[in-house]
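One structure is given here, and the rest of the page talks about it.
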Amino acid sequence: MTKIKERIIKGIFTILAFASLIFLVGIIIVLFREALPIFKKIKVFEFIFGKFWYPTYDPAEFGILPLILASIWVSTGAMLICVPLGVGSALYLNELASPGQKAILKPLVEILASIPSIVYGFFGMAILAPFLQNLFHLSIGLCAFTAGLTLGIMATPVVCSIAEDALSYVPRSFREASFAVGANRWQTLIKVVIPAAGSGISTAIILGMSRAIGETMTVLMVAGGAAVIPKSFFDPVRPMTAAIAAEMGEAPMGSDHYHALFAIALILFLVTFIFNVIAEVVSRKYRIKLGLSG
Amino acid sequence: MDNQTSVKIKAQDVNFFYGKHQALKNIKLDVLANQVTAIIGPSGCGKSTFIRLLNRMNELVSNTVLTGRIYLDGQDIFASCVDSVEIRRRVGMVFQKPNPFPKNIFENISYALEVNGIKNKQFVEERVIESFKKAALWDEVKDRLHDSALKLSGGQQQRLCIARCLAIKPEVILFDEPCASLDPISTRKIEELILELKKDYTIAIVTHNMQQAARVSNYTGFFLLGELIEFDKTETIFKSPKDQRTEDYITGRFG
């Protein structure tokens with residue numbers, strides 16, 4: 001009796017454990033199935049490097065270079081904000097903050113990470129965009145710069161939280177060893193603690209980056225939406241995610257446009273997948289270097 | 001105690017608290033120059049806490065309170081004008097668990113020099129070699145200086161840590177249970193090393209291994225529940241202790 005019960009329980013948990021694998025495989029299959037038809041009409045190279053995205057024109061043009069560039073510009077802007085801010089605040093939390101400060105700041109950072117992206121979108125649209133428009137005398141405040149800034153603020157808590165975890169995993173014995181030979185705090189931080197936490201910090205940066213690239217709602221609201229190759233940071237742009245979200249509703253199912261949007265999603269998926277693999281490889285390499293685990 | 005030997009470190013009425021818990025009670029103890037002073041006692045008696053005060057390592061732990069004075073060559077090491085970095089240069093430390101940096105074998109030693117402003121490449125190289133030789137590790141590492149220090153065995157790692165400590169030429173070396181995680185053979189090597197080093201350095205060693213204290217030290221202090229029960233020449237402590245509790249401990253009745 002108990003044996004059967006045990007088997008049933010084991011079975012249930014096995015299914016649960018494999019559920020995420022099934023979802024992943026399902027998503028990949030759907031992505032490929034829905035994306036591939038477009039490549040019968042247009043070459044992969046022309047799709048990725050085509051300069052014009054006119055999906056509703058006749059004849060339609062499906063070049064997603066403007067969208068890719070928009071994603072790159074916005075993500076780069078976001079990285080420039082979230083890496084120094086996130087890593088810097090992680091260092092402060094870990095090294096300088098008193099236990100009292102840390103007890104307040106760390107949960108606050110984590111709350112910041114849990115704010116829905118649409119709220120950030122509102123913030124960017126209603127506060128940042130008009131402010132930047134006035135500040136830089138722009139014709140429109142919704143642009144790559146605003147989107148990058150908003151995404152950067154959004155990704156900062158992610159970077160900070162993961163980087164802080166990485167710093168706190170650095171064994172205390174490393175610091176002690178460094179202090180014991182007469183190193184000061186700064187030397188210990190730069191030459192021992194940061195290199196030892198290097199994997200975690202780079203994982204934090206890479207995950208922050210994939211968050212920035214994959215983020216949709218915020219960029220849809222603040223990036224400006226123009227599917228044109230951006231010439232400056234202050235041009236309105238349409239990143240890949242925003243294009244999918246904005247156009248999927250109007251694209252007739254099964255049309256070229258529909259398949260093209262799936263192809264964009266496929267590319268996004270591959271990019272973030274690569275980032276995650278890199279993050280995993282980097283952190284594993286360092287873990288071995290630190291002798292923490294195989 | 002004979003008068004020829006001078007006092008290197010003097011602890012005067014030292015009390016130490018972790019939060020509300022009092023870990024050390026009124027400790028008075030002299031570490032004599034060029035002698036090996038052992039501190040023994042059961043786990044949790046405060047012996048490690050005490051030795052970590054001597055190079056201000058306690059400052060890495062927050063929420064602690066220290067009262068009393070600790071003098072190094074007559075200078076109060078906790079005085080506000082004294083830099084902890086300076087103290088740690090003069091008072092080196094070897095820890096319970098070998099703690100090499102996740103760097104290569106050479107860099108583990110050169111780091112100690114680098115942070116002390118020694119950059120001349122040739123000088124650094126010579127000092128690294130000298131330190132490895134003094135730590136009786138040179139023959140084992142000379143062909144693999146660029147391997148990760150973490151690939152060394154536990155005993156080798158501990159001797160590497162000793163070499164790292166020697167590299168900056170401290171006056172005092174503190175050993176905090178240096179053999180706690182080592183096998184008997186590695187332990188013997190470390191003990192031989194300590195006997196060798198005592199010619200040139202003042203040494204204080206915390207150990208829960210009484211035989212070790214008997215083998216390497218000239219003076220021994222017995223700690224119990226945060227108090228220094230007895231302090232005397234090692235011979236006296238082991239052969240004719242004055243306090244009943246010391247006798248009970250060294251004859252193995254508790255601990």
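Going through the structure tokens in order, the chains are called A, B, and so on, while each chain numbers its residues from 1 and the ligands are numbered from 1 in the order shown.
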Exercise for review: Restrict the distance test to only C-alpha atoms, flag each residue of chain A within 9 Å of chain B, and return the flagged residues as number ranges by chain.
Suggested key: A: 98-99, 173-184, 187-188, 191-192, 195-196, 289-291
Review point. Within 10 Å of Asn218 in chain B, counting only C-alpha atoms, which residues qualify if same-chain residues fewer than 2 places away don't, as a ChimeraX atom specification?
Key: /B:32,34-38,213-216,220,232-236
May I have the selected residues written with N, CA and C atoms, as a short mmCIF file (atom, residue, chain, number, x, y, z; two decimals), in the first residue's frame?
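Result file result_17.cif:
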```
data_model
loop_
_atom_site.label_atom_id
_atom_site.label_comp_id
_atom_site.auth_asym_id
_atom_site.auth_seq_id
_atom_site.Cartn_x
_atom_site.Cartn_y
_atom_site.Cartn_z
N LEU B 32 55.88 36.97 25.51
CA LEU B 32 57.28 37.38 25.59
C LEU B 32 57.96 37.32 24.24
N ASN B 34 60.39 36.62 21.27
CA ASN B 34 61.15 35.45 20.83
C ASN B 34 60.86 34.17 21.62
N GLN B 35 59.64 34.06 22.07
CA GLN B 35 59.20 32.84 22.74
C GLN B 35 57.94 32.35 22.00
N VAL B 36 57.61 31.09 22.22
CA VAL B 36 56.34 30.60 21.70
C VAL B 36 55.36 30.52 22.87
N THR B 37 54.30 31.26 22.76
CA THR B 37 53.29 31.24 23.81
C THR B 37 52.08 30.48 23.30
N ALA B 38 51.71 29.42 24.00
CA ALA B 38 50.55 28.65 23.57
C ALA B 38 49.34 29.02 24.41
N ALA B 213 50.79 21.97 22.17
CA ALA B 213 51.26 23.06 23.03
C ALA B 213 52.53 22.63 23.76
N ALA B 214 52.53 21.40 24.27
CA ALA B 214 53.69 20.91 25.01
C ALA B 214 54.92 20.83 24.10
N ARG B 215 54.69 20.44 22.83
CA ARG B 215 55.82 20.26 21.92
C ARG B 215 56.43 21.57 21.46
N VAL B 216 55.61 22.56 21.20
CA VAL B 216 56.16 23.74 20.53
C VAL B 216 56.36 24.95 21.43
N THR B 220 52.58 28.67 28.40
CA THR B 220 51.23 28.23 28.08
C THR B 220 50.23 28.92 28.99
N ASP B 232 51.81 30.09 32.74
CA ASP B 232 53.14 29.83 33.29
C ASP B 232 54.01 29.21 32.20
N LYS B 233 55.23 28.84 32.62
CA LYS B 233 56.08 28.10 31.69
C LYS B 233 55.36 26.81 31.31
N THR B 234 55.51 26.40 30.06
CA THR B 234 54.80 25.23 29.58
C THR B 234 55.07 24.01 30.47
N GLU B 235 56.35 23.85 30.83
CA GLU B 235 56.72 22.74 31.69
C GLU B 235 55.91 22.71 32.99
N THR B 236 55.83 23.87 33.60
CA THR B 236 55.11 23.98 34.87
C THR B 236 53.64 23.64 34.68
#
```
Those of range 121-215 of chain B in DSSP strand (DSSP E or B), formatted as a PDB file with N, CA and C atoms, in the first residue's frame:
```pdb
ATOM      1  N   SER B 148      47.191  27.162  -9.711  1.00  0.00           N
ATOM      2  CA  SER B 148      46.332  27.733  -8.683  1.00  0.00           C
ATOM      3  C   SER B 148      46.729  27.199  -7.312  1.00  0.00           C
ATOM      4  N   VAL B 172      55.673  39.569  14.962  1.00  0.00           N
ATOM      5  CA  VAL B 172      54.954  38.549  15.718  1.00  0.00           C
ATOM      6  C   VAL B 172      54.144  37.723  14.725  1.00  0.00           C
ATOM      7  N   ILE B 173      54.047  36.420  14.974  1.00  0.00           N
ATOM      8  CA  ILE B 173      53.145  35.606  14.150  1.00  0.00           C
ATOM      9  C   ILE B 173      52.129  34.934  15.077  1.00  0.00           C
ATOM     10  N   LEU B 174      50.875  35.124  14.736  1.00  0.00           N
ATOM     11  CA  LEU B 174      49.807  34.486  15.512  1.00  0.00           C
ATOM     12  C   LEU B 174      49.313  33.269  14.743  1.00  0.00           C
ATOM     13  N   PHE B 175      49.243  32.157  15.403  1.00  0.00           N
ATOM     14  CA  PHE B 175      48.701  30.945  14.781  1.00  0.00           C
ATOM     15  C   PHE B 175      47.388  30.610  15.470  1.00  0.00           C
ATOM     16  N   ASP B 176      46.307  30.624  14.694  1.00  0.00           N
ATOM     17  CA  ASP B 176      45.000  30.315  15.279  1.00  0.00           C
ATOM     18  C   ASP B 176      44.628  28.876  14.916  1.00  0.00           C
ATOM     19  N   THR B 202      58.444  36.317  17.423  1.00  0.00           N
ATOM     20  CA  THR B 202      57.634  36.067  18.606  1.00  0.00           C
ATOM     21  C   THR B 202      56.377  35.356  18.126  1.00  0.00           C
ATOM     22  N   ILE B 203      56.050  34.264  18.776  1.00  0.00           N
ATOM     23  CA  ILE B 203      54.930  33.462  18.264  1.00  0.00           C
ATOM     24  C   ILE B 203      53.889  33.232  19.352  1.00  0.00           C
ATOM     25  N   ALA B 204      52.627  33.371  18.953  1.00  0.00           N
ATOM     26  CA  ALA B 204      51.541  32.965  19.845  1.00  0.00           C
ATOM     27  C   ALA B 204      50.698  31.965  19.079  1.00  0.00           C
ATOM     28  N   ILE B 205      50.369  30.866  19.725  1.00  0.00           N
ATOM     29  CA  ILE B 205      49.611  29.827  19.025  1.00  0.00           C
ATOM     30  C   ILE B 205      48.435  29.365  19.880  1.00  0.00           C
ATOM     31  N   VAL B 206      47.272  29.368  19.229  1.00  0.00           N
ATOM     32  CA  VAL B 206      46.082  28.820  19.879  1.00  0.00           C
ATOM     33  C   VAL B 206      45.952  27.382  19.432  1.00  0.00           C
TER      34      VAL B 206
END
```
Exercise for review: List the neighbours of Ala90 in chain A out to 10 Å using only C-alpha atoms; skip same-chain residues closer than 6 positions along the sequence, and give me the result as a list in words.
Suggested key: Pro84, Leu96, Ala97, Lys106, Val109, Thr156, Pro157, Val159, Cys160, Ser161, Ile162, Ala163, Glu164, Asp165, Ala166, Leu167, Ser168 and Ile201 of chain A
Residues from the last selection, N, CA and C atoms, saved as a PDB file, in the first residue's frame:
```
ATOM      1  N   PRO A  84      26.824  50.407 -13.685  1.00  0.00           N
ATOM      2  CA  PRO A  84      27.469  51.160 -12.594  1.00  0.00           C
ATOM      3  C   PRO A  84      26.572  51.318 -11.370  1.00  0.00           C
ATOM      4  N   LEU A  96      30.113  48.704   2.801  1.00  0.00           N
ATOM      5  CA  LEU A  96      30.102  49.912   3.619  1.00  0.00           C
ATOM      6  C   LEU A  96      28.880  50.056   4.511  1.00  0.00           C
ATOM      7  N   ALA A  97      27.737  49.545   4.037  1.00  0.00           N
ATOM      8  CA  ALA A  97      26.509  49.778   4.789  1.00  0.00           C
ATOM      9  C   ALA A  97      26.578  49.102   6.158  1.00  0.00           C
ATOM     10  N   LYS A 106      18.400  46.548   1.372  1.00  0.00           N
ATOM     11  CA  LYS A 106      18.301  45.355   0.529  1.00  0.00           C
ATOM     12  C   LYS A 106      16.847  45.006   0.208  1.00  0.00           C
ATOM     13  N   VAL A 109      15.539  47.452  -2.397  1.00  0.00           N
ATOM     14  CA  VAL A 109      16.017  47.141  -3.744  1.00  0.00           C
ATOM     15  C   VAL A 109      15.191  46.009  -4.330  1.00  0.00           C
ATOM     16  N   THR A 156      18.405  47.907 -12.732  1.00  0.00           N
ATOM     17  CA  THR A 156      19.358  48.140 -11.635  1.00  0.00           C
ATOM     18  C   THR A 156      19.134  47.212 -10.434  1.00  0.00           C
ATOM     19  N   PRO A 157      17.897  47.097  -9.931  1.00  0.00           N
ATOM     20  CA  PRO A 157      17.728  46.214  -8.764  1.00  0.00           C
ATOM     21  C   PRO A 157      18.080  44.766  -9.056  1.00  0.00           C
ATOM     22  N   VAL A 159      20.412  43.688 -11.167  1.00  0.00           N
ATOM     23  CA  VAL A 159      21.873  43.617 -11.146  1.00  0.00           C
ATOM     24  C   VAL A 159      22.380  43.723  -9.709  1.00  0.00           C
ATOM     25  N   CYS A 160      21.840  44.686  -8.987  1.00  0.00           N
ATOM     26  CA  CYS A 160      22.295  44.941  -7.616  1.00  0.00           C
ATOM     27  C   CYS A 160      22.081  43.712  -6.747  1.00  0.00           C
ATOM     28  N   SER A 161      20.896  43.152  -6.823  1.00  0.00           N
ATOM     29  CA  SER A 161      20.550  42.048  -5.946  1.00  0.00           C
ATOM     30  C   SER A 161      21.440  40.829  -6.207  1.00  0.00           C
ATOM     31  N   ILE A 162      21.626  40.485  -7.480  1.00  0.00           N
ATOM     32  CA  ILE A 162      22.434  39.303  -7.795  1.00  0.00           C
ATOM     33  C   ILE A 162      23.908  39.567  -7.469  1.00  0.00           C
ATOM     34  N   ALA A 163      24.370  40.790  -7.791  1.00  0.00           N
ATOM     35  CA  ALA A 163      25.776  41.098  -7.522  1.00  0.00           C
ATOM     36  C   ALA A 163      26.038  41.105  -6.017  1.00  0.00           C
ATOM     37  N   GLU A 164      25.063  41.584  -5.257  1.00  0.00           N
ATOM     38  CA  GLU A 164      25.257  41.622  -3.805  1.00  0.00           C
ATOM     39  C   GLU A 164      25.325  40.205  -3.236  1.00  0.00           C
ATOM     40  N   ASP A 165      24.457  39.337  -3.765  1.00  0.00           N
ATOM     41  CA  ASP A 165      24.530  37.931  -3.346  1.00  0.00           C
ATOM     42  C   ASP A 165      25.921  37.372  -3.627  1.00  0.00           C
ATOM     43  N   ALA A 166      26.422  37.673  -4.829  1.00  0.00           N
ATOM     44  CA  ALA A 166      27.738  37.151  -5.213  1.00  0.00           C
ATOM     45  C   ALA A 166      28.809  37.648  -4.255  1.00  0.00           C
ATOM     46  N   LEU A 167      28.746  38.926  -3.901  1.00  0.00           N
ATOM     47  CA  LEU A 167      29.752  39.477  -2.986  1.00  0.00           C
ATOM     48  C   LEU A 167      29.648  38.830  -1.615  1.00  0.00           C
ATOM     49  N   SER A 168      28.411  38.568  -1.188  1.00  0.00           N
ATOM     50  CA  SER A 168      28.289  38.018   0.159  1.00  0.00           C
ATOM     51  C   SER A 168      28.674  36.543   0.199  1.00  0.00           C
ATOM     52  N   ILE A 201      29.131  38.656 -10.368  1.00  0.00           N
ATOM     53  CA  ILE A 201      28.902  40.009 -10.865  1.00  0.00           C
ATOM     54  C   ILE A 201      28.655  39.974 -12.367  1.00  0.00           C
TER      55      ILE A 201
END
```
Extract, using only C-alpha atoms, all DNA, RNA and protein residues at most 7 Å from Leu145 in chain B, discarding same-chain residues fewer than 5 positions from it, and format them as a PDB file with C-alpha atoms, in the first residue's frame.
```
ATOM      1  CA  ASN B 104      48.267  31.253  -8.448  1.00  0.00           C
ATOM      2  CA  ILE B 105      50.951  30.144  -6.009  1.00  0.00           C
ATOM      3  CA  PHE B 106      53.347  32.971  -6.793  1.00  0.00           C
TER       4      PHE B 106
END
```
Check your understanding: Counting only C-alpha atoms, which of A:Glu215, A:Ser114, A:Phe269, A:Ala263 gets nearest to Ile48 in chain A?
Key -> A:Ala263
Check your understanding: Where does DSSP see alpha helix (DSSP H) in range 167-214 of chain B, if you list the residues as a ChimeraX atom specification?
Key -> /B:167,184-197,210-214
Please, could you write that set of residues out with N, CA and C atoms as a PDB file, in the first residue's frame?
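This went into result-v9.pdb:
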```
ATOM      1  N   ALA B 167      56.368  36.800   4.304  1.00  0.00           N
ATOM      2  CA  ALA B 167      56.838  37.668   3.220  1.00  0.00           C
ATOM      3  C   ALA B 167      56.938  39.121   3.643  1.00  0.00           C
ATOM      4  N   PRO B 184      48.014  14.212  10.488  1.00  0.00           N
ATOM      5  CA  PRO B 184      49.157  14.183  11.416  1.00  0.00           C
ATOM      6  C   PRO B 184      50.494  14.535  10.759  1.00  0.00           C
ATOM      7  N   ILE B 185      50.699  14.098   9.527  1.00  0.00           N
ATOM      8  CA  ILE B 185      51.996  14.365   8.892  1.00  0.00           C
ATOM      9  C   ILE B 185      52.148  15.859   8.586  1.00  0.00           C
ATOM     10  N   SER B 186      51.089  16.445   8.031  1.00  0.00           N
ATOM     11  CA  SER B 186      51.133  17.889   7.767  1.00  0.00           C
ATOM     12  C   SER B 186      51.284  18.647   9.075  1.00  0.00           C
ATOM     13  N   THR B 187      50.605  18.158  10.107  1.00  0.00           N
ATOM     14  CA  THR B 187      50.688  18.807  11.410  1.00  0.00           C
ATOM     15  C   THR B 187      52.139  18.811  11.895  1.00  0.00           C
ATOM     16  N   ARG B 188      52.811  17.667  11.722  1.00  0.00           N
ATOM     17  CA  ARG B 188      54.193  17.617  12.186  1.00  0.00           C
ATOM     18  C   ARG B 188      55.058  18.620  11.437  1.00  0.00           C
ATOM     19  N   LYS B 189      54.819  18.728  10.147  1.00  0.00           N
ATOM     20  CA  LYS B 189      55.616  19.680   9.363  1.00  0.00           C
ATOM     21  C   LYS B 189      55.410  21.100   9.867  1.00  0.00           C
ATOM     22  N   ILE B 190      54.156  21.435  10.160  1.00  0.00           N
ATOM     23  CA  ILE B 190      53.866  22.791  10.634  1.00  0.00           C
ATOM     24  C   ILE B 190      54.539  23.011  11.988  1.00  0.00           C
ATOM     25  N   GLU B 191      54.485  21.991  12.836  1.00  0.00           N
ATOM     26  CA  GLU B 191      55.104  22.143  14.158  1.00  0.00           C
ATOM     27  C   GLU B 191      56.615  22.337  14.050  1.00  0.00           C
ATOM     28  N   GLU B 192      57.237  21.542  13.162  1.00  0.00           N
ATOM     29  CA  GLU B 192      58.679  21.717  12.959  1.00  0.00           C
ATOM     30  C   GLU B 192      58.990  23.128  12.501  1.00  0.00           C
ATOM     31  N   LEU B 193      58.099  23.611  11.640  1.00  0.00           N
ATOM     32  CA  LEU B 193      58.268  24.957  11.108  1.00  0.00           C
ATOM     33  C   LEU B 193      58.179  26.000  12.222  1.00  0.00           C
ATOM     34  N   ILE B 194      57.227  25.794  13.114  1.00  0.00           N
ATOM     35  CA  ILE B 194      57.061  26.753  14.213  1.00  0.00           C
ATOM     36  C   ILE B 194      58.312  26.764  15.087  1.00  0.00           C
ATOM     37  N   LEU B 195      58.864  25.570  15.350  1.00  0.00           N
ATOM     38  CA  LEU B 195      60.090  25.496  16.156  1.00  0.00           C
ATOM     39  C   LEU B 195      61.239  26.221  15.458  1.00  0.00           C
ATOM     40  N   GLU B 196      61.253  26.124  14.133  1.00  0.00           N
ATOM     41  CA  GLU B 196      62.284  26.800  13.354  1.00  0.00           C
ATOM     42  C   GLU B 196      62.092  28.326  13.404  1.00  0.00           C
ATOM     43  N   LEU B 197      60.839  28.730  13.298  1.00  0.00           N
ATOM     44  CA  LEU B 197      60.544  30.162  13.212  1.00  0.00           C
ATOM     45  C   LEU B 197      60.752  30.882  14.537  1.00  0.00           C
ATOM     46  N   MET B 210      46.693  19.584  23.259  1.00  0.00           N
ATOM     47  CA  MET B 210      47.626  19.871  24.362  1.00  0.00           C
ATOM     48  C   MET B 210      49.026  19.395  24.075  1.00  0.00           C
ATOM     49  N   GLN B 211      49.127  18.232  23.390  1.00  0.00           N
ATOM     50  CA  GLN B 211      50.458  17.733  23.062  1.00  0.00           C
ATOM     51  C   GLN B 211      51.184  18.739  22.180  1.00  0.00           C
ATOM     52  N   GLN B 212      50.417  19.353  21.288  1.00  0.00           N
ATOM     53  CA  GLN B 212      51.028  20.343  20.410  1.00  0.00           C
ATOM     54  C   GLN B 212      51.596  21.502  21.229  1.00  0.00           C
ATOM     55  N   ALA B 213      50.791  21.966  22.172  1.00  0.00           N
ATOM     56  CA  ALA B 213      51.258  23.060  23.031  1.00  0.00           C
ATOM     57  C   ALA B 213      52.531  22.631  23.758  1.00  0.00           C
ATOM     58  N   ALA B 214      52.530  21.402  24.270  1.00  0.00           N
ATOM     59  CA  ALA B 214      53.692  20.908  25.008  1.00  0.00           C
ATOM     60  C   ALA B 214      54.917  20.825  24.102  1.00  0.00           C
TER      61      ALA B 214
END
```
Exercise for review: Extract, using only C-alpha atoms, all DNA, RNA and protein residues at most 12 Å from Ala79 in chain B, discarding same-chain residues fewer than 3 positions from it, and format them as a PyMOL selection string.
Suggested key: chain B and resi 56+67-72+74-76+82-84+87
Take the residues that were just selected and, keeping C-alpha atoms, output them as a PDB file, in the first residue's frame.
```
ATOM      1  CA  ARG B  56      42.826  43.704  15.557  1.00  0.00           C
ATOM      2  CA  THR B  67      37.575  47.117  27.096  1.00  0.00           C
ATOM      3  CA  GLY B  68      41.061  47.069  28.524  1.00  0.00           C
ATOM      4  CA  ARG B  69      44.331  47.621  26.726  1.00  0.00           C
ATOM      5  CA  ILE B  70      46.627  45.621  24.501  1.00  0.00           C
ATOM      6  CA  TYR B  71      50.162  46.888  24.072  1.00  0.00           C
ATOM      7  CA  LEU B  72      52.622  45.995  21.337  1.00  0.00           C
ATOM      8  CA  GLY B  74      54.442  49.369  24.898  1.00  0.00           C
ATOM      9  CA  GLN B  75      52.177  51.008  22.345  1.00  0.00           C
ATOM     10  CA  ASP B  76      48.411  50.703  22.786  1.00  0.00           C
ATOM     11  CA  VAL B  82      47.098  53.710  15.499  1.00  0.00           C
ATOM     12  CA  ASP B  83      46.308  52.312  12.082  1.00  0.00           C
ATOM     13  CA  SER B  84      45.053  48.709  12.111  1.00  0.00           C
ATOM     14  CA  ILE B  87      49.464  46.651  13.332  1.00  0.00           C
TER      15      ILE B  87
END
```
Review point. What is the CA of Leu149 in chain A-CA of Lys231 in chain A distance in Å, reported with one decimal?
Key: 17.7 Å
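Counting from CA of Met125 in chain A, the distance to CA of Ala223 in chain A is 9.1 Å.
If you count only C-alpha atoms and ignore residues fewer than 6 places along the chain from Ala155 in chain A, what sits within 8 Å of it is A:Ala78, A:Cys82, A:Ala113, A:Gly208, A:Met209, A:Arg211, A:Ala212.
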Review point. Can you tell me how far CA of Ile40 in chain B sits from CA of Ser153 in chain B, in Å to one decimal?
Key: 26.5 Å
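If only C-alpha atoms are the atoms counted, then among A:Ile42, A:Val193, A:Leu21, A:Ala204 the closest residue to Ala260 in chain A is A:Ile42.
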